[in-house]
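Participant: Contents are compact mmCIF, C-alpha atoms; file name input_31.txt:
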```txt
# COMPACT_ATOMS: atom_id res chain seq x y z
CA MET A 1159 136.20 169.78 98.23
CA PRO A 1160 138.90 171.29 96.01
CA GLU A 1161 138.69 175.02 95.58
CA THR A 1162 137.59 176.15 92.13
CA SER A 1163 139.11 179.60 92.16
CA ARG A 1164 142.17 178.31 90.31
CA ARG A 1165 140.33 176.17 87.83
CA GLY A 1166 141.24 178.51 85.02
CA LEU A 1167 144.73 177.05 85.33
CA LEU A 1168 143.34 173.62 84.51
CA PHE A 1169 141.68 174.54 81.23
CA GLY A 1170 143.18 174.92 77.76
CA THR A 1171 142.90 177.97 75.56
CA ALA A 1172 140.18 176.41 73.45
CA ALA A 1173 138.19 175.34 76.48
CA VAL A 1174 136.08 177.19 79.00
CA SER A 1175 137.45 177.87 82.48
CA ALA A 1176 135.08 176.35 84.99
CA GLY A 1177 136.16 178.94 87.52
CA ALA A 1178 135.26 181.70 85.09
CA LEU A 1179 132.44 179.47 83.97
CA LEU A 1180 129.93 180.47 86.56
CA THR A 1181 131.43 183.11 88.80
CA ALA A 1182 131.02 186.19 86.62
CA CYS A 1183 127.65 187.72 85.91
CA THR A 1184 126.38 189.91 83.14
CA SER A 1185 123.96 192.65 83.89
CA ASN A 1186 120.25 192.10 84.36
CA GLU A 1187 119.54 195.66 83.33
CA PRO A 1188 117.62 195.98 80.06
CA LYS A 1189 119.54 197.61 77.26
CA THR A 1190 118.38 199.14 74.09
CA LYS A 1191 121.73 199.60 72.41
CA GLY A 1192 124.92 197.68 71.95
CA THR A 1193 125.88 194.23 70.72
CA ALA A 1194 124.03 190.98 71.24
CA ALA A 1195 126.48 190.25 74.05
CA ASP A 1196 125.47 193.46 75.80
CA ASN A 1197 121.88 192.25 75.78
CA GLN A 1198 122.66 188.79 77.15
CA PRO A 1199 120.48 187.69 80.08
CA ALA A 1200 122.11 187.11 83.46
CA ALA A 1201 124.66 184.33 83.62
CA THR A 1202 124.50 181.82 86.42
CA ASP A 1203 126.39 182.92 89.51
CA GLY A 1204 126.60 181.88 93.14
CA LYS A 1205 123.31 183.55 94.08
CA PRO A 1206 120.25 181.33 94.64
CA GLY A 1207 117.99 181.00 91.64
CA LYS A 1208 115.30 178.72 90.28
CA LYS A 1209 115.08 175.34 92.03
CA VAL A 1210 116.82 172.58 90.09
CA THR A 1211 116.91 168.82 90.66
CA ILE A 1212 120.02 167.23 89.22
CA GLY A 1213 120.36 163.48 88.76
CA PHE A 1214 123.93 162.15 89.02
CA ALA A 1215 124.95 158.68 87.84
CA GLY A 1216 128.53 157.47 87.86
CA PRO A 1217 130.45 154.20 88.01
CA GLN A 1218 131.47 152.44 91.22
CA ALA A 1219 134.03 154.46 93.19
CA ASP A 1220 136.65 151.70 93.23
CA HIS A 1221 139.52 154.06 92.38
CA GLY A 1222 140.74 157.21 94.10
CA TRP A 1223 139.90 159.38 91.09
CA LEU A 1224 136.36 158.00 90.78
CA ASN A 1225 135.74 158.52 94.49
CA ALA A 1226 136.92 162.11 94.07
CA ILE A 1227 134.46 162.53 91.19
CA ASN A 1228 131.57 161.60 93.48
CA GLU A 1229 132.80 163.82 96.31
CA ASN A 1230 133.26 166.80 93.99
CA ALA A 1231 129.71 166.42 92.66
CA LYS A 1232 128.18 166.14 96.15
CA SER A 1233 130.15 169.03 97.62
CA ARG A 1234 129.43 171.32 94.69
CA ALA A 1235 125.70 170.64 94.82
CA GLU A 1236 125.67 171.42 98.56
CA LYS A 1237 126.99 174.88 97.76
CA TYR A 1238 123.68 175.82 96.13
CA SER A 1239 120.59 176.03 98.33
CA GLU A 1240 118.26 175.69 95.36
CA VAL A 1241 119.93 172.53 93.97
CA THR A 1242 118.73 169.05 94.93
CA LEU A 1243 121.10 166.23 93.96
CA GLU A 1244 119.69 162.77 93.29
CA ILE A 1245 122.79 160.56 93.25
CA THR A 1246 122.89 156.85 92.41
CA GLU A 1247 124.98 154.25 94.21
CA GLY A 1248 127.25 153.82 91.21
CA SER A 1249 128.00 150.63 89.32
CA ASN A 1250 130.54 149.23 86.87
CA ASP A 1251 127.82 146.94 85.50
CA THR A 1252 126.43 148.70 82.44
CA ALA A 1253 122.98 147.13 82.77
CA ALA A 1254 122.75 148.25 86.39
CA GLN A 1255 123.85 151.78 85.53
CA ILE A 1256 121.35 151.97 82.69
CA GLY A 1257 118.65 151.00 85.18
CA GLN A 1258 119.82 153.69 87.59
CA VAL A 1259 119.67 156.35 84.89
CA GLN A 1260 116.21 155.20 83.83
CA THR A 1261 115.07 155.54 87.44
CA LEU A 1262 116.29 159.15 87.42
CA ILE A 1263 114.47 159.74 84.14
CA ASN A 1264 111.26 158.36 85.66
CA LYS A 1265 111.72 160.70 88.62
CA LYS A 1266 111.66 163.54 86.08
CA VAL A 1267 114.83 165.24 87.29
CA ASP A 1268 115.52 168.56 85.58
CA VAL A 1269 119.02 167.72 84.36
CA LEU A 1270 121.15 164.57 84.27
CA VAL A 1271 124.92 164.32 84.85
CA ILE A 1272 126.23 160.95 83.70
CA LEU A 1273 129.75 159.54 83.91
CA PRO A 1274 129.15 156.24 82.12
CA ALA A 1275 131.00 153.07 83.06
CA ASP A 1276 131.03 152.50 79.29
CA GLY A 1277 130.18 155.44 77.04
CA LYS A 1278 129.15 153.35 74.05
CA ALA A 1279 126.96 151.02 76.13
CA LEU A 1280 125.09 153.89 77.80
CA THR A 1281 124.52 155.95 74.67
CA GLN A 1282 120.96 154.71 74.25
CA VAL A 1283 119.91 155.73 77.76
CA GLY A 1284 121.47 159.16 77.15
CA LEU A 1285 119.35 159.43 74.01
CA GLN A 1286 116.33 158.31 76.03
CA ALA A 1287 116.85 161.12 78.53
CA MET A 1288 117.33 163.74 75.83
CA LYS A 1289 114.17 162.58 74.02
CA ALA A 1290 112.31 162.83 77.33
CA GLY A 1291 113.29 166.50 77.51
CA ILE A 1292 115.94 166.01 80.21
CA PRO A 1293 119.23 167.59 79.10
CA VAL A 1294 122.32 165.49 79.79
CA ILE A 1295 125.77 166.59 80.88
CA ASN A 1296 128.06 163.80 79.69
CA LEU A 1297 131.01 163.62 82.08
CA ASP A 1298 134.37 162.41 80.79
CA ARG A 1299 133.71 159.02 79.16
CA ILE A 1300 131.93 160.13 76.04
CA PHE A 1301 128.75 158.72 74.53
CA ALA A 1302 128.91 157.30 71.01
CA SER A 1303 126.51 159.96 69.68
CA PRO A 1304 126.48 163.72 70.33
CA GLN A 1305 122.68 163.47 70.25
CA ALA A 1306 122.89 161.66 73.61
CA TYR A 1307 124.10 164.74 75.50
CA ARG A 1308 123.70 168.51 75.58
CA CYS A 1309 127.22 169.19 76.84
CA TRP A 1310 130.31 167.05 77.27
CA ILE A 1311 132.97 167.95 79.85
CA GLY A 1312 136.05 165.86 80.46
CA GLY A 1313 139.78 165.46 80.57
CA ASP A 1314 142.39 165.44 77.83
CA ASN A 1315 144.06 162.03 77.71
CA TYR A 1316 146.16 162.89 74.66
CA GLY A 1317 147.13 166.14 76.37
CA MET A 1318 148.26 164.23 79.47
CA GLY A 1319 150.73 162.25 77.41
CA LEU A 1320 151.78 165.28 75.41
CA ASN A 1321 152.49 167.41 78.48
CA ALA A 1322 154.23 164.57 80.31
CA GLY A 1323 156.44 163.97 77.29
CA ASN A 1324 157.27 167.64 76.84
CA TYR A 1325 158.13 168.02 80.53
CA ILE A 1326 160.44 165.01 80.43
CA GLY A 1327 161.92 166.17 77.13
CA GLU A 1328 162.77 169.57 78.61
CA GLN A 1329 164.47 167.94 81.60
CA LEU A 1330 166.58 165.72 79.33
CA LYS A 1331 167.09 167.96 76.30
CA ASP A 1332 170.80 168.44 77.01
CA LYS A 1333 171.52 164.78 77.75
CA PRO A 1334 172.82 162.75 74.79
CA ASN A 1335 171.06 159.43 74.13
CA ALA A 1336 168.55 159.87 76.94
CA LYS A 1337 166.31 156.88 77.64
CA VAL A 1338 162.74 156.90 78.96
CA VAL A 1339 160.32 154.15 79.96
CA GLU A 1340 156.53 154.22 80.17
CA LEU A 1341 154.25 152.51 82.72
CA ALA A 1342 150.87 152.69 81.00
CA GLY A 1343 147.37 151.78 82.15
CA LEU A 1344 144.98 149.19 80.76
CA ASP A 1345 145.81 148.71 77.10
CA ASN A 1346 142.25 147.79 76.14
CA LEU A 1347 141.08 151.29 77.07
CA GLU A 1348 141.01 154.04 74.45
CA LEU A 1349 142.23 156.56 77.05
CA THR A 1350 145.44 154.56 77.53
CA LYS A 1351 146.08 154.56 73.79
CA GLN A 1352 145.52 158.32 73.69
CA ARG A 1353 147.91 158.95 76.58
CA SER A 1354 150.61 156.83 74.96
CA GLN A 1355 150.12 158.53 71.60
CA GLY A 1356 150.45 161.98 73.15
CA PHE A 1357 153.62 160.89 74.94
CA ALA A 1358 155.11 159.45 71.75
CA ASP A 1359 154.27 162.60 69.78
CA ALA A 1360 155.89 164.83 72.41
CA LEU A 1361 159.12 162.83 72.39
CA LYS A 1362 159.41 163.46 68.64
CA ASN A 1363 160.28 167.04 69.62
CA TYR A 1364 163.43 165.76 71.36
CA PRO A 1365 165.57 163.68 68.96
CA ASN A 1366 168.02 162.83 71.75
CA VAL A 1367 165.29 161.19 73.87
CA LYS A 1368 164.12 157.65 73.06
CA ARG A 1369 161.48 155.47 74.70
CA VAL A 1370 163.20 152.14 75.29
CA ALA A 1371 160.45 150.22 77.10
CA ARG A 1372 156.73 150.26 77.81
CA GLN A 1373 154.72 148.13 80.21
CA ALA A 1374 150.94 148.16 80.73
CA ALA A 1375 149.51 147.94 84.25
CA ASP A 1376 145.93 147.89 85.58
CA PHE A 1377 145.50 151.22 87.40
CA THR A 1378 145.99 149.48 90.77
CA VAL A 1379 148.71 149.69 93.42
CA GLU A 1380 149.44 145.99 93.08
CA SER A 1381 149.76 146.05 89.29
CA GLY A 1382 151.91 149.17 89.45
CA GLN A 1383 154.34 147.47 91.81
CA ALA A 1384 154.52 144.22 89.83
CA LYS A 1385 154.89 145.82 86.40
CA MET A 1386 157.39 148.41 87.61
CA ALA A 1387 159.52 145.65 89.12
CA GLN A 1388 159.57 143.98 85.69
CA LEU A 1389 160.62 147.23 84.01
CA LEU A 1390 163.42 147.78 86.52
CA GLN A 1391 164.67 144.26 86.02
CA ALA A 1392 164.70 144.60 82.25
CA GLN A 1393 166.11 148.16 82.11
CA LYS A 1394 169.28 148.56 84.11
CA GLN A 1395 169.63 152.21 83.17
CA PHE A 1396 167.21 154.90 82.02
CA ASP A 1397 166.69 158.59 82.67
CA ALA A 1398 162.95 159.11 83.11
CA LEU A 1399 159.70 157.25 83.73
CA TRP A 1400 156.18 158.31 82.88
CA ASN A 1401 153.51 156.53 84.87
CA HIS A 1402 149.96 157.07 83.56
CA ASP A 1403 148.18 156.88 86.93
CA ASP A 1404 149.04 158.03 90.45
CA ASP A 1405 147.17 155.14 92.10
CA GLN A 1406 149.33 152.55 90.34
CA GLY A 1407 152.20 154.95 90.94
CA VAL A 1408 152.06 154.16 94.67
CA GLY A 1409 153.01 150.59 93.78
CA ALA A 1410 155.57 151.74 91.23
CA LEU A 1411 157.33 153.82 93.88
CA ARG A 1412 157.41 150.81 96.21
CA ALA A 1413 159.12 148.74 93.53
CA ILE A 1414 161.60 151.54 92.85
CA GLN A 1415 162.45 151.90 96.54
CA GLN A 1416 162.79 148.14 96.97
CA ALA A 1417 165.20 148.05 94.03
CA GLY A 1418 167.20 150.92 95.52
CA ARG A 1419 166.95 152.92 92.33
CA ASP A 1420 167.18 156.72 92.30
CA ASP A 1421 168.96 157.30 89.01
CA PHE A 1422 165.99 158.68 87.06
CA LEU A 1423 163.08 161.10 87.39
CA MET A 1424 159.44 160.01 87.50
CA VAL A 1425 156.33 161.81 86.27
CA GLY A 1426 152.91 160.65 87.46
CA GLY A 1427 149.40 161.09 86.13
CA ALA A 1428 145.99 162.27 87.37
CA GLY A 1429 146.92 164.40 90.39
CA ALA A 1430 146.55 162.33 93.58
CA LYS A 1431 147.25 164.10 96.86
CA ALA A 1432 149.84 161.47 97.78
CA ALA A 1433 151.73 162.23 94.57
CA MET A 1434 151.59 165.97 95.22
CA ASP A 1435 152.80 165.45 98.80
CA ALA A 1436 155.76 163.45 97.49
CA ILE A 1437 156.52 166.12 94.89
CA LYS A 1438 156.47 168.79 97.59
CA ALA A 1439 158.69 166.74 99.92
CA ASP A 1440 161.14 166.25 97.01
CA ASN A 1441 162.63 163.15 98.61
CA SER A 1442 161.92 160.56 95.90
CA VAL A 1443 162.26 160.10 92.15
CA LEU A 1444 158.73 161.51 91.68
CA LYS A 1445 159.20 165.06 90.45
CA ALA A 1446 155.91 165.89 88.70
CA THR A 1447 152.40 164.70 87.94
CA VAL A 1448 150.16 165.59 85.00
CA LEU A 1449 146.60 166.43 85.98
CA TYR A 1450 143.36 164.76 85.01
CA PRO A 1451 141.32 166.83 87.46
CA PRO A 1452 138.27 165.30 89.19
CA THR A 1453 137.05 168.86 89.70
CA MET A 1454 135.33 168.29 86.36
CA ALA A 1455 132.45 166.77 88.38
CA ALA A 1456 131.98 170.04 90.26
CA SER A 1457 132.00 171.88 86.95
CA ALA A 1458 129.41 169.43 85.60
CA ILE A 1459 127.11 170.34 88.49
CA ASP A 1460 127.63 174.03 87.69
CA LEU A 1461 126.73 173.38 84.06
CA ALA A 1462 123.67 171.34 85.03
CA ARG A 1463 122.52 174.16 87.31
CA ALA A 1464 122.93 176.66 84.47
CA LEU A 1465 120.91 174.43 82.14
CA GLY A 1466 118.19 173.94 84.73
CA GLN A 1467 117.90 177.67 85.29
CA GLY A 1468 118.01 178.50 81.60
CA LYS A 1469 121.05 180.71 81.89
CA GLY A 1470 124.38 181.10 80.18
CA VAL A 1471 127.81 181.14 81.76
CA GLY A 1472 129.79 184.09 83.03
CA GLY A 1473 132.69 185.32 80.97
CA MET A 1474 131.09 184.31 77.67
CA ALA A 1475 128.93 186.29 75.27
CA GLU A 1476 126.81 183.33 74.15
CA LEU A 1477 123.31 182.77 75.51
CA GLU A 1478 123.87 179.03 76.02
CA ILE A 1479 126.43 176.86 77.76
CA PRO A 1480 129.04 175.34 75.40
CA ALA A 1481 128.58 171.99 73.67
CA SER A 1482 131.91 170.64 74.94
CA ILE A 1483 134.61 171.57 77.43
CA THR A 1484 138.04 169.92 77.52
CA LEU A 1485 140.11 170.32 80.66
CA TYR A 1486 143.79 171.17 80.46
CA SER A 1487 146.35 168.69 81.84
CA ALA A 1488 148.61 170.96 83.84
CA VAL A 1489 152.02 169.72 84.97
CA VAL A 1490 152.44 169.95 88.76
CA THR A 1491 156.01 170.34 90.06
CA LYS A 1492 157.55 171.50 93.32
CA ASP A 1493 157.38 175.06 91.92
CA ASN A 1494 153.56 175.14 91.70
CA VAL A 1495 152.41 172.22 93.86
CA ASP A 1496 150.96 174.47 96.57
CA GLU A 1497 148.53 175.91 94.04
CA TYR A 1498 147.21 172.50 93.06
CA LEU A 1499 147.27 170.66 96.38
CA PRO A 1500 143.62 171.58 97.16
CA THR A 1501 142.58 169.64 94.04
CA GLY A 1502 144.52 166.50 95.00
CA PHE A 1503 142.45 163.38 95.66
CA SER A 1504 143.00 160.47 98.06
```
Hey, can you dump this file as structure tokens for me?
Facilitator:
Amino acid sequence: MPETSRRGLLFGTAAVSAGALLTACTSNEPKTKGTAADNQPAATDGKPGKKVTIGFAGPQADHGWLNAINENAKSRAEKYSEVTLEITEGSNDTAAQIGQVQTLINKKVDVLVILPADGKALTQVGLQAMKAGIPVINLDRIFASPQAYRCWIGGDNYGMGLNAGNYIGEQLKDKPNAKVVELAGLDNLELTKQRSQGFADALKNYPNVKRVARQAADFTVESGQAKMAQLLQAQKQFDALWNHDDDQGVGALRAIQQAGRDDFLMVGGAGAKAAMDAIKADNSVLKATVLYPPTMAASAIDLARALGQGKGVGGMAELEIPASITLYSAVVTKDNVDEYLPTGFS
């Protein structure tokens, strides 16, 4: 289970730090003077409180990041003696996942945490839960209607591309006519479009840096290797590569090694432990990865616990948990990799 003490580093300025989220505590002492914030009831902390049953439904863990989501949720729930976690098997079939969520609704869990296989397709069951009086924490893939959830928490796909592009731009800012290539994920996914848009927008800050090629892969090792081999064949010289996903990056690195190429730097995406290990070893083209932290699942459990206990969050003056929380996509390099290694997923 990744430590959460550094989670403040993973959140943007407009977002809430999940580490600060639930570790601080306002006073329980009654007050007769002061601001509304001074009179706020106790925020949720690590001390046992009211018993809460949390239902958790996510997609099938057929990817390292998705498996880490499940593990983060389970481990976080185990931290709290008063929390019972009802977790489904997980499915990429939307009908099956809808059925799993409906089962949790029928069990009358106190709070639901849902990472939908398809946000649009599961919107109705989110609405069903909310109408049944069960608040929903919508994790990452967002429902089509804000009425289907009480709080959304997830990653910043545009920010991933933006931060990857700015990192690469800074490395190449003094190189005339620098060339970069992009190994994207599935092009039919909105998240892939957002990552590519962020990357393109960042490169506009560096007039000397041009993207000369882009290839879409499938978020798998095999696709990463095949598509990277095609890029290497087509592009005999370039200065940097941004790969959207560290799982497909394993295959990309194989293709790079097989081609005997070491004339460029590579930036990964998501924050796999294997990528961080390679960054720390500093013996390959992989020099950085941009986070899409699965610790968001642990934070979702924290938020669900706060909702179930009717409390706010530490470090904030409001009486309620926020309506949305966007994680920050930090850039991990050899200079800070030791800080982030505990969050790396297999």
Participant: Ranking A:Val1338, A:Val1471, A:Ala1306, A:Ala1428 by minimum distance to Arg1353 of chain A and counting only C-alpha atoms, which one comes first?
Facilitator: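 Counting only C-alpha atoms, the residue closest to Arg1353 of chain A is A:Ala1428.
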Participant: Could you please determine the separation between atom CA of Gln1352 of chain A and atom CA of Ala1322 of chain A in Å, to one decimal place?
Facilitator: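 Computing it gives 12.6 Å between the two atoms.
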Participant: Could you give me, as CSV, a per-residue list for segment 1411-1449 of chain A showing, wherever an atom lies at most 10 Å from an atom of segment 1219-1238 of chain A, the closest pair of atoms and their distance in Å to one decimal, using all atoms listed in the file and sorting by chain then residue number from low to high?
Facilitator:
```
residue,atom,partner,partner_atom,distance
A:Ala1428,CA,A:Trp1223,CA,7.7
A:Gly1429,CA,A:Trp1223,CA,8.7
A:Ala1430,CA,A:Trp1223,CA,7.7
A:Lys1431,CA,A:Gly1222,CA,9.9
```
Participant: If you count only C-alpha atoms, which residues fall within 9 Å of segment 1418-1420 of chain A, apart from same-chain ones fewer than 5 positions away, as an NGL selection string?
Facilitator: :A and (1390 or 1413 or 1442-1443)
Participant: List as an MDAnalysis selection string the protein and nucleic acid residues near Gln1395 of chain A, meaning an atom at most 9 Å away when only C-alpha atoms are counted, but skip any in the same chain fewer than 6 places from it.
Facilitator: chainID A and resid 1337 1421:1422
Participant: Tell me, in Å to one decimal, how far atom CA of Gln1393 of chain A is from atom CA of Arg1372 of chain A.
Facilitator: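 Distance reported for this atom pair: 10.5 Å.
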Participant: At a cut-off of 7 Å, using only C-alpha atoms, what residues contact segment 1465-1468 of chain A? Leave out same-chain residues fewer than 6 positions from it and give the result as a VMD selection string.
Facilitator: chain A and resid 1208 1210 1268 to 1269
Participant: If I take atom CA of Leu1444 of chain A and atom CA of Gln1218 of chain A, how far is one from the other in Å, to one decimal?
Facilitator: 28.7 Å
Participant: Might you pull out every residue within 12 Å of Gly1313 of chain A, with all atoms listed in the file counted and same-chain residues fewer than 5 positions away left off, and present them as a count of residues only?
Facilitator: 32
Participant: Around the point (160.9, 167.9, 72.9) (coordinates from the file), which residues reach within 8 Å if we count all atoms listed in the file? Answer as a list in words.
Facilitator: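 Returned residue set, sorted by chain then number, is Gly1323, Asn1324, Gly1327, Glu1328, Lys1331, Ala1360, Leu1361, Lys1362, Asn1363, Tyr1364 and Pro1365 of chain A.
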Participant: Convert the current residue selection to file output with C-alpha atoms, as a PDB file, in the coordinates of the input.
Facilitator:
```pdb
ATOM      1  CA  GLY A1323     156.440 163.970  77.290  1.00  0.00           C
ATOM      2  CA  ASN A1324     157.270 167.640  76.840  1.00  0.00           C
ATOM      3  CA  GLY A1327     161.920 166.170  77.130  1.00  0.00           C
ATOM      4  CA  GLU A1328     162.770 169.570  78.610  1.00  0.00           C
ATOM      5  CA  LYS A1331     167.090 167.960  76.300  1.00  0.00           C
ATOM      6  CA  ALA A1360     155.890 164.830  72.410  1.00  0.00           C
ATOM      7  CA  LEU A1361     159.120 162.830  72.390  1.00  0.00           C
ATOM      8  CA  LYS A1362     159.410 163.460  68.640  1.00  0.00           C
ATOM      9  CA  ASN A1363     160.280 167.040  69.620  1.00  0.00           C
ATOM     10  CA  TYR A1364     163.430 165.760  71.360  1.00  0.00           C
ATOM     11  CA  PRO A1365     165.570 163.680  68.960  1.00  0.00           C
TER      12      PRO A1365
END
```
Participant: Which residue out of A:Ser1303, A:Gln1286, A:Asn1366, A:Thr1252 has the minimum interatomic distance to Pro1274 of chain A when all atoms listed in the file are used?
Facilitator: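 Comparing A:Ser1303, A:Gln1286, A:Asn1366, A:Thr1252 against Pro1274 of chain A, the winner is A:Thr1252.
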Participant: Env of Met1434 of chain A: 8 Å cut, atoms = all atoms listed in the file, seq-sep filter 2 positions within chain, self excluded. Answer as a list in words.
Facilitator: Gly1429, Ala1430, Lys1431, Ala1432, Ala1436, Ile1437, Lys1438, Ala1446, Thr1447, Val1490, Val1495, Leu1499 and Gly1502 of chain A
Participant: Could you check which of A:Ile1479, A:Val1408, A:Ala1374, A:Leu1399 is closest to Lys1351 of chain A, using only C-alpha atoms?
Facilitator: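 That would be A:Ala1374, the residue with the smallest distance to Lys1351 of chain A.
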Participant: Around segment 1347-1356 of chain A, fit a box with edges along x, y and z, padding it by 3 Å on each side, then list its centre and edge lengths in Å to one decimal as lines of an AutoDock Vina configuration file.
Facilitator:
```
center_x = 145.8
center_y = 156.6
center_z = 74.6
size_x = 15.6
size_y = 16.7
size_z = 11.9
```
Participant: As a PDB file, keeping the file's coordinate frame, could you write out segment 1477-1495 of chain A once it has been completed with N, CA, C and O atoms?
Facilitator:
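As written to disk, rebuild22.pdb reads:
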```pdb
ATOM      1  N   LEU A1477     124.482 182.926  74.647  1.00  0.00           N
ATOM      2  CA  LEU A1477     123.310 182.770  75.510  1.00  0.00           C
ATOM      3  C   LEU A1477     123.228 181.382  76.127  1.00  0.00           C
ATOM      4  O   LEU A1477     122.488 181.174  77.072  1.00  0.00           O
ATOM      5  N   GLU A1478     123.958 180.420  75.575  1.00  0.00           N
ATOM      6  CA  GLU A1478     123.870 179.030  76.020  1.00  0.00           C
ATOM      7  C   GLU A1478     125.215 178.548  76.556  1.00  0.00           C
ATOM      8  O   GLU A1478     126.266 179.114  76.239  1.00  0.00           O
ATOM      9  N   ILE A1479     125.185 177.474  77.338  1.00  0.00           N
ATOM     10  CA  ILE A1479     126.430 176.860  77.760  1.00  0.00           C
ATOM     11  C   ILE A1479     127.077 176.187  76.555  1.00  0.00           C
ATOM     12  O   ILE A1479     126.405 175.878  75.572  1.00  0.00           O
ATOM     13  N   PRO A1480     128.376 175.952  76.558  1.00  0.00           N
ATOM     14  CA  PRO A1480     129.040 175.340  75.400  1.00  0.00           C
ATOM     15  C   PRO A1480     128.569 173.901  75.171  1.00  0.00           C
ATOM     16  O   PRO A1480     127.956 173.271  76.037  1.00  0.00           O
ATOM     17  N   ALA A1481     128.902 173.374  74.000  1.00  0.00           N
ATOM     18  CA  ALA A1481     128.580 171.990  73.670  1.00  0.00           C
ATOM     19  C   ALA A1481     129.627 171.020  74.209  1.00  0.00           C
ATOM     20  O   ALA A1481     129.341 169.856  74.451  1.00  0.00           O
ATOM     21  N   SER A1482     130.857 171.500  74.397  1.00  0.00           N
ATOM     22  CA  SER A1482     131.910 170.640  74.940  1.00  0.00           C
ATOM     23  C   SER A1482     132.971 171.481  75.632  1.00  0.00           C
ATOM     24  O   SER A1482     133.230 172.622  75.235  1.00  0.00           O
ATOM     25  N   ILE A1483     133.574 170.899  76.659  1.00  0.00           N
ATOM     26  CA  ILE A1483     134.610 171.570  77.430  1.00  0.00           C
ATOM     27  C   ILE A1483     135.703 170.535  77.719  1.00  0.00           C
ATOM     28  O   ILE A1483     135.436 169.497  78.329  1.00  0.00           O
ATOM     29  N   THR A1484     136.908 170.813  77.278  1.00  0.00           N
ATOM     30  CA  THR A1484     138.040 169.920  77.520  1.00  0.00           C
ATOM     31  C   THR A1484     138.963 170.540  78.556  1.00  0.00           C
ATOM     32  O   THR A1484     139.441 171.661  78.372  1.00  0.00           O
ATOM     33  N   LEU A1485     139.225 169.821  79.623  1.00  0.00           N
ATOM     34  CA  LEU A1485     140.110 170.320  80.660  1.00  0.00           C
ATOM     35  C   LEU A1485     141.568 170.267  80.204  1.00  0.00           C
ATOM     36  O   LEU A1485     141.940 169.422  79.395  1.00  0.00           O
ATOM     37  N   TYR A1486     142.371 171.133  80.775  1.00  0.00           N
ATOM     38  CA  TYR A1486     143.790 171.170  80.460  1.00  0.00           C
ATOM     39  C   TYR A1486     144.571 170.327  81.460  1.00  0.00           C
ATOM     40  O   TYR A1486     144.303 170.369  82.661  1.00  0.00           O
ATOM     41  N   SER A1487     145.538 169.563  80.973  1.00  0.00           N
ATOM     42  CA  SER A1487     146.350 168.690  81.840  1.00  0.00           C
ATOM     43  C   SER A1487     147.611 169.431  82.270  1.00  0.00           C
ATOM     44  O   SER A1487     148.680 169.302  81.655  1.00  0.00           O
ATOM     45  N   ALA A1488     147.480 170.191  83.337  1.00  0.00           N
ATOM     46  CA  ALA A1488     148.610 170.960  83.840  1.00  0.00           C
ATOM     47  C   ALA A1488     149.664 170.038  84.449  1.00  0.00           C
ATOM     48  O   ALA A1488     149.351 168.972  84.990  1.00  0.00           O
ATOM     49  N   VAL A1489     150.918 170.456  84.363  1.00  0.00           N
ATOM     50  CA  VAL A1489     152.020 169.720  84.970  1.00  0.00           C
ATOM     51  C   VAL A1489     152.302 170.328  86.344  1.00  0.00           C
ATOM     52  O   VAL A1489     152.581 171.522  86.460  1.00  0.00           O
ATOM     53  N   VAL A1490     152.208 169.496  87.386  1.00  0.00           N
ATOM     54  CA  VAL A1490     152.440 169.950  88.760  1.00  0.00           C
ATOM     55  C   VAL A1490     153.855 169.560  89.174  1.00  0.00           C
ATOM     56  O   VAL A1490     154.223 168.387  89.124  1.00  0.00           O
ATOM     57  N   THR A1491     154.640 170.553  89.580  1.00  0.00           N
ATOM     58  CA  THR A1491     156.010 170.340  90.060  1.00  0.00           C
ATOM     59  C   THR A1491     156.164 170.988  91.422  1.00  0.00           C
ATOM     60  O   THR A1491     155.225 171.592  91.941  1.00  0.00           O
ATOM     61  N   LYS A1492     157.330 170.891  92.002  1.00  0.00           N
ATOM     62  CA  LYS A1492     157.550 171.500  93.320  1.00  0.00           C
ATOM     63  C   LYS A1492     157.382 173.021  93.264  1.00  0.00           C
ATOM     64  O   LYS A1492     157.123 173.662  94.283  1.00  0.00           O
ATOM     65  N   ASP A1493     157.505 173.607  92.065  1.00  0.00           N
ATOM     66  CA  ASP A1493     157.380 175.060  91.920  1.00  0.00           C
ATOM     67  C   ASP A1493     155.946 175.551  92.018  1.00  0.00           C
ATOM     68  O   ASP A1493     155.701 176.704  92.376  1.00  0.00           O
ATOM     69  N   ASN A1494     154.965 174.691  91.675  1.00  0.00           N
ATOM     70  CA  ASN A1494     153.560 175.140  91.700  1.00  0.00           C
ATOM     71  C   ASN A1494     152.642 174.211  92.492  1.00  0.00           C
ATOM     72  O   ASN A1494     151.426 174.365  92.464  1.00  0.00           O
ATOM     73  N   VAL A1495     153.228 173.230  93.188  1.00  0.00           N
ATOM     74  CA  VAL A1495     152.410 172.220  93.860  1.00  0.00           C
ATOM     75  C   VAL A1495     151.453 172.805  94.891  1.00  0.00           C
ATOM     76  O   VAL A1495     150.334 172.315  95.072  1.00  0.00           O
TER      77      VAL A1495
END
```
